[in-house]
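> One structure, as C-alpha cells, below. Some questions next.
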Amino acid sequence: MNYNWNWGIFFQPNPMGTGTYLDMLLSGLVLTLKTAALAWVIALITGSLVGVMRTLPSKGANWFGFAYVEFFRNMPLLVQLFLWYFVLPELLPKGAGTWLKQLPNAPFWTAAIGVGFFMSARVAVQLQAGIGSLPRGQKMAATALGLTTAQGYRYVLLPMAFRIILPPLTSEFLNTIKNTAVAITIGLLELTGQARSMQEFSFQVFEAFTAATILYLLVNAVVVTAMRFLERWVAIPGYITGK
Amino acid sequence: MFGNLDFDVIRRALPYLFFEGMTFTLTLTGLAALGGLVFGTALALMRLSGFKILGRIAGVYVDFMRSLPLVLVIFWFYFLVPYIGQWVTGASRPISVGAFASSLITFIMFEAAYFSEIMRAGIQSISRGQPAAASALGLTYGQTMRYVVLPQAFRNMLPVLITQTIVLFQDTSLVYVLSITDFLGAASKVAQRDGRLVEMYLFAAVVYFTISCIASYAVRRLQARIAIVR
C-alpha cells in the first residue's frame with residue numbers, strides 16, 4: 001500500500017484555527033452527543049405517547065398510532081431530514097418560513113427533530129410490545145382497584161413495560177447516536193462530518209476515519225456499560241433478570 | 001400553501017428518475033440483500049460452528065459493524081476499496097472502482113452483520129433433534145446445513161429478512177453522500193438544476209413511502225400465512 005501514514009496529524013493545527021485536528025474531531029463528538037441527546041428526549045416522549053395510544057381501547061387512538069408509526073418508518077431518514085430542512089419552511093406561511101430559515105444552528109435543530117421523530121416510531125413499537133407482553137390481569141387488577149385508565153398506565157403498566165423493554169431501548173438509543181451521522185447531508189459538523197472535513201483538509205483519509213471509528217466504539221462501550229448498570233438497578237424482583 | 005408549486009417538473013423528470021435513479025436503487029438493494037444474506041449466513045455459521053476462534057472473529061466483525069454509522073462505513077469503503085483492489089491485483093497504483101461497485105461492496109459488508117444476527121436466530125430456532133437426526137442418517141455437516149437446517153431457518157426468518165431488506169432499500173439513499181445518482185440522488189439533481197426542491201423531495205418521499213408500505217403490507221400477509229402453515 002503506497003499510502004503516506006502520518007499519525008502525528010492529530011496534533012497539527014487545523015486550517016479553521018480552532019486548535020488541532022484532534023480538537024476538531026472532539027468538537028464533532030460533542031455535537032454528535034448533543035444532537036443524539038436532544039433527539040432521544042424527543043423520541044422517548046413522543047414515542048411513549050404514541051406507543052400508549054396503540055394499546056388504548058379507543059379505535060381512533062389506535063388508528064392514529066398505527067398511521068404515525070407507518071408514516072415515520074416507511075421513509076428513509078435522509079428523505080425525512082430533507083423534508084424538515086428544505087420543504088417545511090416553504091410550506092409554512094411566509095413569516096414562519098423565513099424565521100425557520102434564518103434560525104441560527106438550523107442544521108442542529110433540524111437534525112435533532114428529524115432523528116427524534118424518526119426514532120420515536122421505533123420507541124412506540126417497542127413500548128407497544130412491552131405493554132402487550134404484560135399479563136392481562138395487571139390491567140384488570142388496576143381497574144378493579146379503582147384506578148382510572150391514566151392512573152393504571154402511570155402506576156402499573158408503564159413502570160413494568162419500560163423495565164421490560166430496557167434492552168431494546170438501549171439499542172434504539174445507540175441507533176439514535178449512529179443516525180445523527182446522516183445529518184452530515186444537511187451540513188451538521190458532527191463526528192463523521194468532522195472526520196470528512198479533516199480528510200478534505202489534510203488528505204489523511206485513514207487516520208481521520210480511524211479516529212472517528214474509535215470514538216464511536218468508545219461511545220458505544222460507555223452507553224452499553226451504563227445501561228447494564230441501569231438494567232440491574234431497576235430489575236423487577238421475581239423476573240429472570242431480577243434479584 | 002401549494003399554490004406556487006410546479007408539479008409538471010416531476011412529470012418531465014420521470015424517465016430520468018426511474019430509468020436512471022430507481023434502477024440503480026433497486027439493483028443495489030437486490031444485489032446487496034443477496035450478497036449480505038450469503039455472507040451473513042456464513043458469519044452465523046461461523047458463530048455457531050463451535051470453533052472458538054472462528055466464532056470470535058465473526059462476533060467481533062458483527063459487533064464492530066453494528067456500532068458504526070452507515071455513513072461512516074460508506075466513506076471507509078469508498079476510500080479503502082481502491083487500495084484493497086491494488087493489494088489484491090498487485091497493481092502499482094490504487095485502482096479505481098466505479099461508484100456502483102464501491103457502494104455494493106459497502107452494503108454487502110454492512111448488511112451482512114445484520115443478516116447474520118437474523119440467520120443466527122433462525123438457526124437457533126431449529127430444534128436440536130433435527131441436526132441430531134440428520135447425522136444419525138449419515139449426513140455430513142455440510143449436508144445437514146444444506147438440506148435440513150438452513151432451508152427451515154431461512155423459511156422461519158423470511159418475514160424478518162424481508163423487513164431488513166426494506167430497511168436496506170431505505171438505507172441505500174445514503175449513497176447520496178458520494179453524489180451517486182440513485183433515486184434520491186436523481187431527484188436531488190433535478191431539484192437543484194430546476195430550483196424545485198419542494199416538489200422533488202415531496203415526490204421522492206411519496207415514492208419511498210409507497211414502495212415501503214406495499215412491501216411491509218406484503219410482509220404482514222406473509223407472516224399470517226406462515227403462521228397458518230405451522
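In the C-alpha cells, chains take letters A, B, ... by order of appearance, with residues numbered from 1 within each chain and ligands from 1 in the order shown.
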May I have the residues within 12 Å of Gly98 of chain B as a list of chain:residue names, using only C-alpha atoms and disregarding those fewer than 5 positions away in the same chain?

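Those residues are B:Tyr78, B:Phe79, B:Val81, B:Pro82, B:Gly85, B:Ser103, B:Leu104, B:Ile105, B:Leu178, B:Ile180.
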
> Please determine the contact residues of chain A with respect to chain B at a cut-off of 9 Å, counting only C-alpha atoms, and supply them as a VMD selection string.

chain A and resid 1 to 3 70 to 71 73 to 80 82 to 83 86 to 88 90 to 93 174 to 175 177 to 182 184 to 185 192 to 193 195 to 196 205 to 206 209 to 210 212 to 213 216 to 217 220

> Just how far from atom CA of Ile123 of chain B is atom CA of Pro159 of chain B, in Å to one decimal?

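It comes out at 14.8 Å.
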
> Applying 7 Å and only C-alpha atoms, which residues near Gly21 of chain B remain after dropping the ones on its own chain fewer than 2 positions away? List them as a list in words.

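What passes the distance filter is Tyr16, Leu17, Phe18, Phe19, Thr23, Phe24, Thr25, Thr181, Asp182, Phe183 and Ala186 of chain B.
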
> Let's have the selection written as an mmCIF file, in the first residue's frame, with C-alpha atoms.


```
data_model
loop_
_atom_site.group_PDB
_atom_site.id
_atom_site.type_symbol
_atom_site.label_atom_id
_atom_site.label_comp_id
_atom_site.auth_asym_id
_atom_site.auth_seq_id
_atom_site.Cartn_x
_atom_site.Cartn_y
_atom_site.Cartn_z
ATOM 1 C CA TYR B 16 -34.620 10.147 -15.542
ATOM 2 C CA LEU B 17 -35.857 9.477 -12.010
ATOM 3 C CA PHE B 18 -36.987 5.936 -12.708
ATOM 4 C CA PHE B 19 -34.761 4.639 -15.515
ATOM 5 C CA THR B 23 -32.939 1.226 -11.442
ATOM 6 C CA PHE B 24 -29.745 1.946 -9.525
ATOM 7 C CA THR B 25 -31.538 1.871 -6.168
ATOM 8 C CA THR B 181 -27.370 9.028 -8.912
ATOM 9 C CA ASP B 182 -29.642 6.672 -7.054
ATOM 10 C CA PHE B 183 -33.348 7.546 -6.859
ATOM 11 C CA ALA B 186 -31.550 11.819 -9.225
#
```

> Just the residues within 7 Å of segment 96-108 of chain A, please, counting only C-alpha atoms, with nothing from its chain fewer than 2 positions along; format it as a list in words.

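Non-adjacent residues within range: Thr35, Pro89, Glu90, Leu92, Pro93, Lys94, Thr110, Ala111, Ala112, Ile186, Gly187 and Leu188 of chain A.
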
> Just to be explicit: take each residue in the selection above, keep C-alpha atoms, and write the result as a PDB file, in the first residue's frame.


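So the final result, stored in part_5.pdb, reads:
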```pdb
ATOM      1  CA  THR A  35     -27.810  16.086  18.879  1.00  0.00           C
ATOM      2  CA  PRO A  89     -40.035  26.197   5.605  1.00  0.00           C
ATOM      3  CA  GLU A  90     -41.505  26.604   2.105  1.00  0.00           C
ATOM      4  CA  LEU A  92     -45.333  27.305   6.141  1.00  0.00           C
ATOM      5  CA  PRO A  93     -46.780  30.826   5.972  1.00  0.00           C
ATOM      6  CA  LYS A  94     -44.153  33.265   4.733  1.00  0.00           C
ATOM      7  CA  THR A 110     -33.372  20.039  12.205  1.00  0.00           C
ATOM      8  CA  ALA A 111     -31.188  17.003  12.877  1.00  0.00           C
ATOM      9  CA  ALA A 112     -32.389  16.637  16.472  1.00  0.00           C
ATOM     10  CA  ILE A 186     -27.680  19.000   5.859  1.00  0.00           C
ATOM     11  CA  GLY A 187     -24.320  20.389   6.922  1.00  0.00           C
ATOM     12  CA  LEU A 188     -24.157  19.355  10.561  1.00  0.00           C
TER      13      LEU A 188
END
```

> Interatomic distance between atom CA of Tyr153 of chain A and atom CA of Leu230 of chain A?

21.7 Å

> Using only C-alpha atoms, pick whichever of A:Leu33, A:Gly8, A:Ala141, A:Leu169 has the shortest atom-to-atom distance to Leu215 of chain A.

A:Leu33

> Report as a PyMOL selection string: the residues of segment 11-211 of chain A with a DSSP assignment of alpha helix (DSSP H), based on the backbone of this structure.

chain A and resi 21-55+59-73+77-82+88-91+94-102+106-132+136-144+149-151+158-164+166-179+191-202+205-211

> Which neighbours of segment 161-163 of chain A fall inside 9 Å, counting only C-alpha atoms, when residues of the same chain fewer than 3 positions from it are skipped, and could you give them as a list in words?

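Contacts, in chain order: Leu127, Gln128, Ala129, Gly130, Ile131, Gly132, Ser133, Leu134, Val156, Leu157, Leu158, Leu166, Pro167, Leu169, Glu231, Val234, Ala235 and Ile236 of chain A.
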
> Using only C-alpha atoms, find the one residue out of B:Ile95, B:Ser179, B:Gln223, B:Ser116 that sits nearest to Arg47 of chain B.

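Under the stated criterion, the closest residue is B:Ser116.
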
> For atom CA of Ala121 of chain B and atom CA of Ser49 of chain B, quote the distance in Å rounded to one decimal.

14.0 Å

> Find the residues around segment 142-157 of chain B up to 8 Å (only C-alpha atoms counted), leave out those fewer than 6 positions away in its own chain, and share them as a PyMOL selection string.

chain B and resi 118-119+122-123+125-126+130-131+134-135
